[in-house]
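So this one's query-v2.pdb, PDB, C-alpha atoms and all ligand atoms:
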ATOM      1  CA  MET T   1      20.812  24.396  11.414
ATOM      2  CA  PHE T   2      24.295  22.991  11.242
ATOM      3  CA  GLU T   3      26.374  23.504  14.322
ATOM      4  CA  GLU T   4      29.818  24.228  12.996
ATOM      5  CA  GLY T   5      31.427  27.402  11.746
ATOM      6  CA  GLN T   6      32.826  26.330   8.396
ATOM      7  CA  TYR T   7      29.415  25.802   6.891
ATOM      8  CA  PHE T   8      28.009  29.219   7.688
ATOM      9  CA  ALA T   9      28.993  32.375   5.918
ATOM     10  CA  PRO T  10      30.141  34.759   8.679
ATOM     11  CA  VAL T  11      27.800  37.651   9.406
ATOM     12  CA  ASN T  12      29.331  41.019  10.321
ATOM     13  CA  THR T  13      27.978  44.443  11.109
ATOM     14  CA  ASP T  14      29.746  47.456   9.549
ATOM     15  CA  ALA T  15      30.502  50.604  11.516
ATOM     16  CA  ASP T  16      27.346  52.216  10.083
ATOM     17  CA  GLY T  17      25.225  49.285  11.272
ATOM     18  CA  THR T  18      24.908  47.567   7.878
ATOM     19  CA  VAL T  19      24.722  43.784   8.196
ATOM     20  CA  VAL T  20      27.030  41.959   5.758
ATOM     21  CA  VAL T  21      27.025  38.230   5.051
ATOM     22  CA  GLU T  22      30.535  37.272   3.943
ATOM     23  CA  LEU T  23      29.979  34.701   1.206
ATOM     24  CA  GLY T  24      33.074  32.742   0.197
ATOM     25  CA  GLU T  25      34.432  32.906  -3.370
ATOM     26  CA  ASN T  26      33.105  29.441  -4.132
ATOM     27  CA  HIS T  27      29.575  30.277  -3.046
ATOM     28  CA  PRO T  28      27.152  30.104  -6.013
ATOM     29  CA  GLY T  29      25.851  33.589  -5.122
ATOM     30  CA  PHE T  30      29.284  35.201  -4.619
ATOM     31  CA  ALA T  31      29.254  37.258  -7.838
ATOM     32  CA  ASP T  32      25.544  38.122  -7.758
ATOM     33  CA  PRO T  33      25.082  41.560  -6.151
ATOM     34  CA  GLU T  34      21.316  41.165  -5.989
ATOM     35  CA  TYR T  35      21.639  37.892  -4.069
ATOM     36  CA  ARG T  36      24.272  39.427  -1.776
ATOM     37  CA  ASP T  37      21.905  42.306  -0.928
ATOM     38  CA  ARG T  38      19.137  39.842  -0.290
ATOM     39  CA  ARG T  39      21.289  37.786   2.071
ATOM     40  CA  ASN T  40      22.340  40.920   3.961
ATOM     41  CA  ALA T  41      18.742  42.072   4.317
ATOM     42  CA  ILE T  42      17.486  38.678   5.559
ATOM     43  CA  ALA T  43      20.376  38.342   8.028
ATOM     44  CA  GLY T  44      19.577  41.878   9.204
ATOM     45  CA  LEU T  45      16.034  40.831  10.103
ATOM     46  CA  ALA T  46      17.369  38.148  12.450
ATOM     47  CA  MET T  47      19.984  40.527  13.902
ATOM     48  CA  ASP T  48      17.272  43.082  14.709
ATOM     49  CA  TRP T  49      15.026  40.516  16.341
ATOM     50  CA  GLU T  50      14.712  40.367  20.116
ATOM     51  CA  PRO T  51      12.792  37.966  22.350
ATOM     52  CA  GLY T  52       9.204  39.120  22.678
ATOM     53  CA  LEU T  53       9.041  40.545  19.154
ATOM     54  CA  PRO T  54       7.067  38.702  16.463
ATOM     55  CA  MET T  55       9.137  36.414  14.245
ATOM     56  CA  PRO T  56      10.681  38.332  11.329
ATOM     57  CA  GLU T  57       8.658  37.947   8.161
ATOM     58  CA  VAL T  58      10.557  37.659   4.877
ATOM     59  CA  SER T  59       8.802  38.848   1.710
ATOM     60  CA  TYR T  60      10.078  36.114  -0.557
ATOM     61  CA  THR T  61      10.312  36.809  -4.278
ATOM     62  CA  ASP T  62       8.730  34.652  -6.994
ATOM     63  CA  THR T  63      12.183  33.300  -7.862
ATOM     64  CA  GLU T  64      12.691  32.231  -4.260
ATOM     65  CA  HIS T  65       9.289  30.539  -4.054
ATOM     66  CA  GLU T  66      10.095  28.779  -7.312
ATOM     67  CA  ILE T  67      13.266  27.278  -5.811
ATOM     68  CA  TRP T  68      11.202  25.967  -2.889
ATOM     69  CA  ARG T  69       8.591  24.476  -5.249
ATOM     70  CA  LEU T  70      11.217  22.700  -7.293
ATOM     71  CA  VAL T  71      13.289  21.335  -4.410
ATOM     72  CA  SER T  72      10.241  20.468  -2.333
ATOM     73  CA  ALA T  73       8.808  18.355  -5.171
ATOM     74  CA  GLU T  74      12.128  16.589  -5.834
ATOM     75  CA  LEU T  75      12.690  15.815  -2.161
ATOM     76  CA  ALA T  76       9.119  14.583  -1.628
ATOM     77  CA  VAL T  77       9.640  11.808  -4.174
ATOM     78  CA  LYS T  78      12.913  10.735  -2.585
ATOM     79  CA  HIS T  79      11.450  10.885   0.918
ATOM     80  CA  GLN T  80       8.721   8.407   0.031
ATOM     81  CA  ALA T  81      11.396   5.859  -0.805
ATOM     82  CA  LEU T  82      14.187   6.731   1.595
ATOM     83  CA  ALA T  83      12.919   8.610   4.676
ATOM     84  CA  ALA T  84      12.179   6.856   7.970
ATOM     85  CA  LYS T  85       8.515   6.205   8.719
ATOM     86  CA  GLU T  86       8.460   8.355  11.843
ATOM     87  CA  TYR T  87       9.722  11.336   9.796
ATOM     88  CA  LEU T  88       7.146  10.729   7.052
ATOM     89  CA  ASP T  89       4.397  10.502   9.688
ATOM     90  CA  GLY T  90       5.553  13.849  11.085
ATOM     91  CA  GLY T  91       5.344  15.314   7.592
ATOM     92  CA  GLU T  92       1.793  14.003   7.135
ATOM     93  CA  ARG T  93       0.719  15.769  10.292
ATOM     94  CA  LEU T  94       2.593  19.012   9.588
ATOM     95  CA  LYS T  95       1.582  19.381   5.941
ATOM     96  CA  LEU T  96       4.229  21.880   4.870
ATOM     97  CA  PRO T  97       3.233  23.906   1.808
ATOM     98  CA  ALA T  98       4.772  22.661  -1.451
ATOM     99  CA  ASP T  99       3.967  25.800  -3.447
ATOM    100  CA  HIS T 100       5.576  28.570  -1.375
ATOM    101  CA  ILE T 101       8.226  29.114   1.284
ATOM    102  CA  PRO T 102       6.413  29.198   4.596
ATOM    103  CA  GLN T 103       7.277  31.854   7.158
ATOM    104  CA  LEU T 104       8.940  30.467  10.285
ATOM    105  CA  ALA T 105       5.998  31.878  12.253
ATOM    106  CA  GLU T 106       3.632  29.831  10.106
ATOM    107  CA  VAL T 107       5.641  26.632  10.663
ATOM    108  CA  SER T 108       5.795  27.334  14.402
ATOM    109  CA  GLU T 109       2.015  27.714  14.504
ATOM    110  CA  ALA T 110       1.570  24.369  12.778
ATOM    111  CA  LEU T 111       4.058  22.688  15.149
ATOM    112  CA  ALA T 112       2.488  24.120  18.311
ATOM    113  CA  PRO T 113      -0.426  21.665  18.629
ATOM    114  CA  LEU T 114       1.762  18.727  17.512
ATOM    115  CA  THR T 115       4.815  18.998  19.756
ATOM    116  CA  GLY T 116       4.988  22.586  21.012
ATOM    117  CA  PHE T 117       8.173  23.350  19.097
ATOM    118  CA  SER T 118       8.666  26.811  17.619
ATOM    119  CA  TYR T 119      11.370  28.514  15.591
ATOM    120  CA  LEU T 120      13.719  31.333  16.533
ATOM    121  CA  PRO T 121      15.430  33.434  13.825
ATOM    122  CA  ALA T 122      19.184  32.995  13.228
ATOM    123  CA  ALA T 123      21.356  35.219  11.026
ATOM    124  CA  GLY T 124      23.966  32.482  10.713
ATOM    125  CA  LEU T 125      25.915  30.389  13.178
ATOM    126  CA  VAL T 126      24.451  30.277  16.679
ATOM    127  CA  PRO T 127      26.895  29.392  19.499
ATOM    128  CA  LEU T 128      26.628  25.709  20.460
ATOM    129  CA  ARG T 129      25.470  26.300  24.011
ATOM    130  CA  GLU T 130      22.712  28.661  22.913
ATOM    131  CA  PHE T 131      21.603  26.569  19.933
ATOM    132  CA  TYR T 132      21.336  23.341  21.924
ATOM    133  CA  GLY T 133      20.239  24.892  25.215
ATOM    134  CA  VAL T 134      17.003  26.322  23.854
ATOM    135  CA  LEU T 135      15.995  22.955  22.379
ATOM    136  CA  SER T 136      15.052  22.025  25.926
ATOM    137  CA  ASP T 137      12.531  24.910  25.821
ATOM    138  CA  GLY T 138      11.127  23.603  22.534
ATOM    139  CA  LYS T 139      12.869  26.324  20.500
ATOM    140  CA  PHE T 140      14.811  25.789  17.291
ATOM    141  CA  HIS T 141      17.099  28.403  15.721
ATOM    142  CA  ALA T 142      16.762  28.642  11.952
ATOM    143  CA  THR T 143      18.047  30.750   9.090
ATOM    144  CA  GLN T 144      15.508  32.167   6.619
ATOM    145  CA  TYR T 145      17.422  32.722   3.381
ATOM    146  CA  ILE T 146      17.172  30.355   0.449
ATOM    147  CA  ARG T 147      19.997  29.010  -1.743
ATOM    148  CA  HIS T 148      21.101  30.679  -4.996
ATOM    149  CA  HIS T 149      18.799  30.101  -7.982
ATOM    150  CA  SER T 150      21.654  29.018 -10.300
ATOM    151  CA  VAL T 151      22.005  25.670  -8.498
ATOM    152  CA  PRO T 152      18.660  24.957  -6.826
ATOM    153  CA  LEU T 153      19.557  21.415  -5.838
ATOM    154  CA  TYR T 154      22.741  22.407  -4.032
ATOM    155  CA  THR T 155      23.630  24.630  -1.109
ATOM    156  CA  PRO T 156      26.914  24.982   0.743
ATOM    157  CA  GLU T 157      25.030  26.241   3.808
ATOM    158  CA  PRO T 158      21.941  25.283   5.788
ATOM    159  CA  ASP T 159      19.141  27.363   4.238
ATOM    160  CA  VAL T 160      15.403  27.548   4.903
ATOM    161  CA  ILE T 161      14.917  24.302   2.966
ATOM    162  CA  HIS T 162      17.245  22.495   5.372
ATOM    163  CA  GLU T 163      15.769  24.165   8.442
ATOM    164  CA  VAL T 164      12.148  23.549   7.535
ATOM    165  CA  ILE T 165      11.951  20.501   5.250
ATOM    166  CA  GLY T 166      14.837  18.784   7.053
ATOM    167  CA  HIS T 167      13.993  19.637  10.653
ATOM    168  CA  ALA T 168      10.326  20.631  10.923
ATOM    169  CA  ASN T 169       8.999  17.302   9.664
ATOM    170  CA  ALA T 170      10.979  15.625  12.460
ATOM    171  CA  LEU T 171       9.952  18.270  15.003
ATOM    172  CA  ALA T 172       6.329  17.412  14.143
ATOM    173  CA  SER T 173       6.890  13.901  15.532
ATOM    174  CA  PRO T 174       6.436  13.665  19.312
ATOM    175  CA  ARG T 175       9.119  10.984  19.471
ATOM    176  CA  PHE T 176      11.736  12.976  17.560
ATOM    177  CA  ALA T 177      10.709  16.167  19.366
ATOM    178  CA  ALA T 178      11.394  14.413  22.689
ATOM    179  CA  LEU T 179      14.885  13.545  21.444
ATOM    180  CA  TYR T 180      15.564  17.159  20.389
ATOM    181  CA  ARG T 181      14.447  18.316  23.840
ATOM    182  CA  ALA T 182      16.613  15.707  25.543
ATOM    183  CA  ALA T 183      19.647  16.937  23.573
ATOM    184  CA  GLY T 184      18.841  20.434  24.830
ATOM    185  CA  GLU T 185      18.571  19.258  28.427
ATOM    186  CA  ALA T 186      21.936  17.514  28.079
ATOM    187  CA  ALA T 187      23.509  20.718  26.718
ATOM    188  CA  ARG T 188      22.150  22.651  29.691
ATOM    189  CA  ARG T 189      23.370  20.005  32.165
ATOM    190  CA  VAL T 190      26.977  19.778  31.021
ATOM    191  CA  HIS T 191      29.485  22.490  31.843
ATOM    192  CA  SER T 192      32.757  21.508  30.203
ATOM    193  CA  GLU T 193      33.389  22.333  26.558
ATOM    194  CA  ASP T 194      34.464  18.724  25.926
ATOM    195  CA  ALA T 195      31.183  17.380  27.241
ATOM    196  CA  LEU T 196      29.183  19.898  25.186
ATOM    197  CA  GLU T 197      31.165  18.935  22.106
ATOM    198  CA  PHE T 198      30.395  15.267  22.780
ATOM    199  CA  VAL T 199      26.662  15.988  23.129
ATOM    200  CA  SER T 200      26.693  17.969  19.871
ATOM    201  CA  ARG T 201      28.549  15.242  17.967
ATOM    202  CA  VAL T 202      25.964  12.686  19.028
ATOM    203  CA  PHE T 203      23.312  15.119  17.737
ATOM    204  CA  TRP T 204      25.243  15.473  14.479
ATOM    205  CA  PHE T 205      25.333  11.702  13.837
ATOM    206  CA  THR T 206      21.692  11.190  14.810
ATOM    207  CA  LEU T 207      19.284  14.086  14.324
ATOM    208  CA  GLU T 208      21.394  15.621  11.530
ATOM    209  CA  PHE T 209      22.798  12.540   9.791
ATOM    210  CA  GLY T 210      21.109   9.522  11.344
ATOM    211  CA  VAL T 211      19.833   6.464   9.502
ATOM    212  CA  MET T 212      17.841   3.495  10.746
ATOM    213  CA  SER T 213      16.893   0.049   9.476
ATOM    214  CA  GLU T 214      13.318  -0.606   8.468
ATOM    215  CA  LYS T 215      11.704  -3.691   6.954
ATOM    216  CA  ASP T 216      12.423  -2.532   3.420
ATOM    217  CA  GLY T 217      15.945  -1.298   3.969
ATOM    218  CA  LEU T 218      17.972   1.515   5.433
ATOM    219  CA  LYS T 219      16.102   4.827   5.839
ATOM    220  CA  ALA T 220      17.295   8.307   6.778
ATOM    221  CA  TYR T 221      15.856  10.402   9.564
ATOM    222  CA  GLY T 222      18.620  13.035   9.870
ATOM    223  CA  ALA T 223      17.727  16.514   8.627
ATOM    224  CA  GLY T 224      21.080  16.938   6.870
ATOM    225  CA  ILE T 225      20.487  13.920   4.648
ATOM    226  CA  LEU T 226      16.783  14.508   4.096
ATOM    227  CA  SER T 227      17.258  18.102   2.939
ATOM    228  CA  SER T 228      20.117  17.266   0.578
ATOM    229  CA  TYR T 229      19.113  16.226  -2.916
ATOM    230  CA  GLY T 230      22.501  14.618  -3.535
ATOM    231  CA  GLU T 231      23.118  13.061  -0.144
ATOM    232  CA  ILE T 232      19.803  11.170  -0.074
ATOM    233  CA  ASP T 233      20.921   9.160  -3.080
ATOM    234  CA  GLU T 234      24.291   8.355  -1.560
ATOM    235  CA  PHE T 235      23.695   7.419   2.073
ATOM    236  CA  ARG T 236      23.046   3.724   1.538
ATOM    237  CA  GLY T 237      26.500   3.364   0.005
ATOM    238  CA  MET T 238      28.320   4.974   2.924
ATOM    239  CA  ASN T 239      30.217   3.222   5.696
ATOM    240  CA  ILE T 240      27.310   2.232   7.949
ATOM    241  CA  MET T 241      28.221   1.511  11.570
ATOM    242  CA  PRO T 242      26.155   0.349  14.513
ATOM    243  CA  LEU T 243      24.932   3.001  16.944
ATOM    244  CA  ASP T 244      27.729   3.606  19.426
ATOM    245  CA  LEU T 245      27.992   6.641  21.680
ATOM    246  CA  TYR T 246      31.762   6.635  22.087
ATOM    247  CA  THR T 247      32.420   6.351  18.353
ATOM    248  CA  MET T 248      29.859   9.017  17.482
ATOM    249  CA  GLY T 249      31.288  11.336  20.098
ATOM    250  CA  THR T 250      34.885  10.984  18.957
ATOM    251  CA  VAL T 251      35.037  10.041  15.260
ATOM    252  CA  ASP T 252      36.437  12.662  12.896
ATOM    253  CA  TYR T 253      34.059  14.160  10.390
ATOM    254  CA  ASP T 254      34.165  16.788   7.684
ATOM    255  CA  ILE T 255      30.982  18.793   7.494
ATOM    256  CA  THR T 256      31.896  20.272   4.123
ATOM    257  CA  LYS T 257      31.594  16.879   2.422
ATOM    258  CA  TYR T 258      28.998  14.145   2.264
ATOM    259  CA  GLN T 259      29.143  12.188   5.510
ATOM    260  CA  ASP T 260      30.926   8.932   4.709
ATOM    261  CA  LYS T 261      30.430   7.383   8.156
ATOM    262  CA  LEU T 262      26.859   6.962   9.257
ATOM    263  CA  PHE T 263      25.314   5.244  12.267
ATOM    264  CA  ASP T 264      22.370   2.879  11.950
ATOM    265  CA  ALA T 265      20.101   3.320  14.963
ATOM    266  CA  GLY T 266      18.513  -0.039  14.203
ATOM    267  CA  SER T 267      15.058   1.254  15.072
ATOM    268  CA  MET T 268      13.248   4.201  16.609
ATOM    269  CA  GLU T 269      13.102   2.294  19.918
ATOM    270  CA  GLN T 270      16.821   1.689  19.917
ATOM    271  CA  LEU T 271      17.497   5.330  19.091
ATOM    272  CA  GLU T 272      15.406   6.329  22.093
ATOM    273  CA  ASP T 273      16.968   3.700  24.359
ATOM    274  CA  VAL T 274      20.571   4.506  23.520
ATOM    275  CA  VAL T 275      20.686   8.163  22.473
ATOM    276  CA  GLY T 276      17.584   9.437  24.285
ATOM    277  CA  GLU T 277      18.719   7.760  27.493
ATOM    278  CA  PHE T 278      22.238   9.166  27.057
ATOM    279  CA  TRP T 279      20.999  12.750  26.666
ATOM    280  CA  GLU T 280      18.557  12.346  29.542
ATOM    281  CA  THR T 281      21.209  11.197  31.989
ATOM    282  CA  CYS T 282      24.666  12.377  30.857
ATOM    283  CA  ASP T 283      26.743  14.897  32.739
ATOM    284  CA  ASP T 284      30.368  16.061  32.726
ATOM    285  CA  ALA T 285      31.505  13.096  34.823
ATOM    286  CA  SER T 286      29.707  10.403  32.818
ATOM    287  CA  ILE T 287      31.043  11.786  29.523
ATOM    288  CA  GLU T 288      34.548  12.023  30.959
ATOM    289  CA  ARG T 289      34.287   8.348  31.995
ATOM    290  CA  LEU T 290      33.015   7.370  28.565
ATOM    291  CA  LEU T 291      35.983   9.140  26.953
ATOM    292  CA  ALA T 292      38.487   7.639  29.393
ATOM    293  CA  GLU T 293      37.185   4.115  28.982
ATOM    294  CA  GLY T 294      37.013   4.397  25.217
ATOM    295  CA  GLY T 295      33.370   3.398  25.237
TER
HETATM  296 FE    FE J   1      20.399  21.203  10.899
END
As structure tokens - that is how I would like this structure written.
Amino acid sequence: MFEEGQYFAPVNTDADGTVVVELGENHPGFADPEYRDRRNAIAGLAMDWEPGLPMPEVSYTDTEHEIWRLVSAELAVKHQALAAKEYLDGGERLKLPADHIPQLAEVSEALAPLTGFSYLPAAGLVPLREFYGVLSDGKFHATQYIRHHSVPLYTPEPDVIHEVIGHANALASPRFAALYRAAGEAARRVHSEDALEFVSRVFWFTLEFGVMSEKDGLKAYGAGILSSYGEIDEFRGMNIMPLDLYTMGTVDYDITKYQDKLFDAGSMEQLEDVVGEFWETCDDASIERLLAEGG
């Protein structure tokens, strides 16, 4: 999922208990009552869920499966050329279905023997501390709805395609999974809001929008790029900067647009050495020092 509010449609519960997803006027599904009902029903499943209950199962329609089939096929071609090797290796092991939307329970079952990660249902935005904290337990919050059928290659929000194609292939890699867990441990270790924000920004510029150099050019490993049909084609032309904790933790970014500043981790090893090490050891004091010293 994405971590910031603007991206998610707010989810409210009416006085009579009805769950309502407040789509904005520019949302492709805004004027489609059938889609609105669908979104409300799927959000309701996550709202009703409690720890200990089985993961909510969504009965996806043929139209919804068709969107998955189309986007999945388009992304697969682009991934072969532009996704980092470690991500592709994760995908080989996970073997996500290309012909139907998998249930989160199904993806969790496939991840269990690989890295032990499993999904938790989210109706929409999950508070930062909760979202990141549970990563240290090998849990990942995900939404289950799919984008509107009128524009299958675009979504203003993180949908099941982002959550599963973007994140699960990385969560199937023991090396990426260790980084997700380390981010979670960092989120649990820090207390101040500033430090948590710093940890989440580093996550944003790595596990959501990270790129790394490989022998045949720059590749993406961030879930936000790899689940976006448009962004995959654009990332090589963005302003590519070297991996730098201070800059990642403080640079301005607009999550409603393509990310124009990206950080090249150099390699998987360097990502682990710099970012993994940071998440494994940071605390309020070390982040405060980093901010004070300007890197
Ligand atoms: Fe995400």
Residue with smallest distance to ligand FE 1 (chain J) - pool T:Ala195, T:Ala223, T:Met241, T:Met47, counting only C-alpha atoms and all ligand atoms: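 Closest residue, counting only C-alpha atoms and all ligand atoms: T:Ala223.
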Given all atoms listed in the file as the counted atoms, nearest of T:Asp62, T:Asp32, T:Glu193, T:Glu163 to ligand FE 1 (chain J): T:Glu163
Contacts of ligand FE 1 (chain J), 12 Å or closer, all atoms listed in the file, given as a count of residues only: 48
Atomic separation - atom CA of T:Gln144 relative to atom CA of T:Leu53, Å: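 Rounded to one decimal, the two atoms are 16.4 Å apart.
Evaluated on this file, the PyMOL selection byres (((chain T and resi 116) around 9) and not hetatm) matches Ser108, Glu109, Leu111, Ala112, Pro113, Leu114, Thr115, Phe117, Ser118, Gly138, Lys139, Leu171, Ala172 and Ala177 of chain T.
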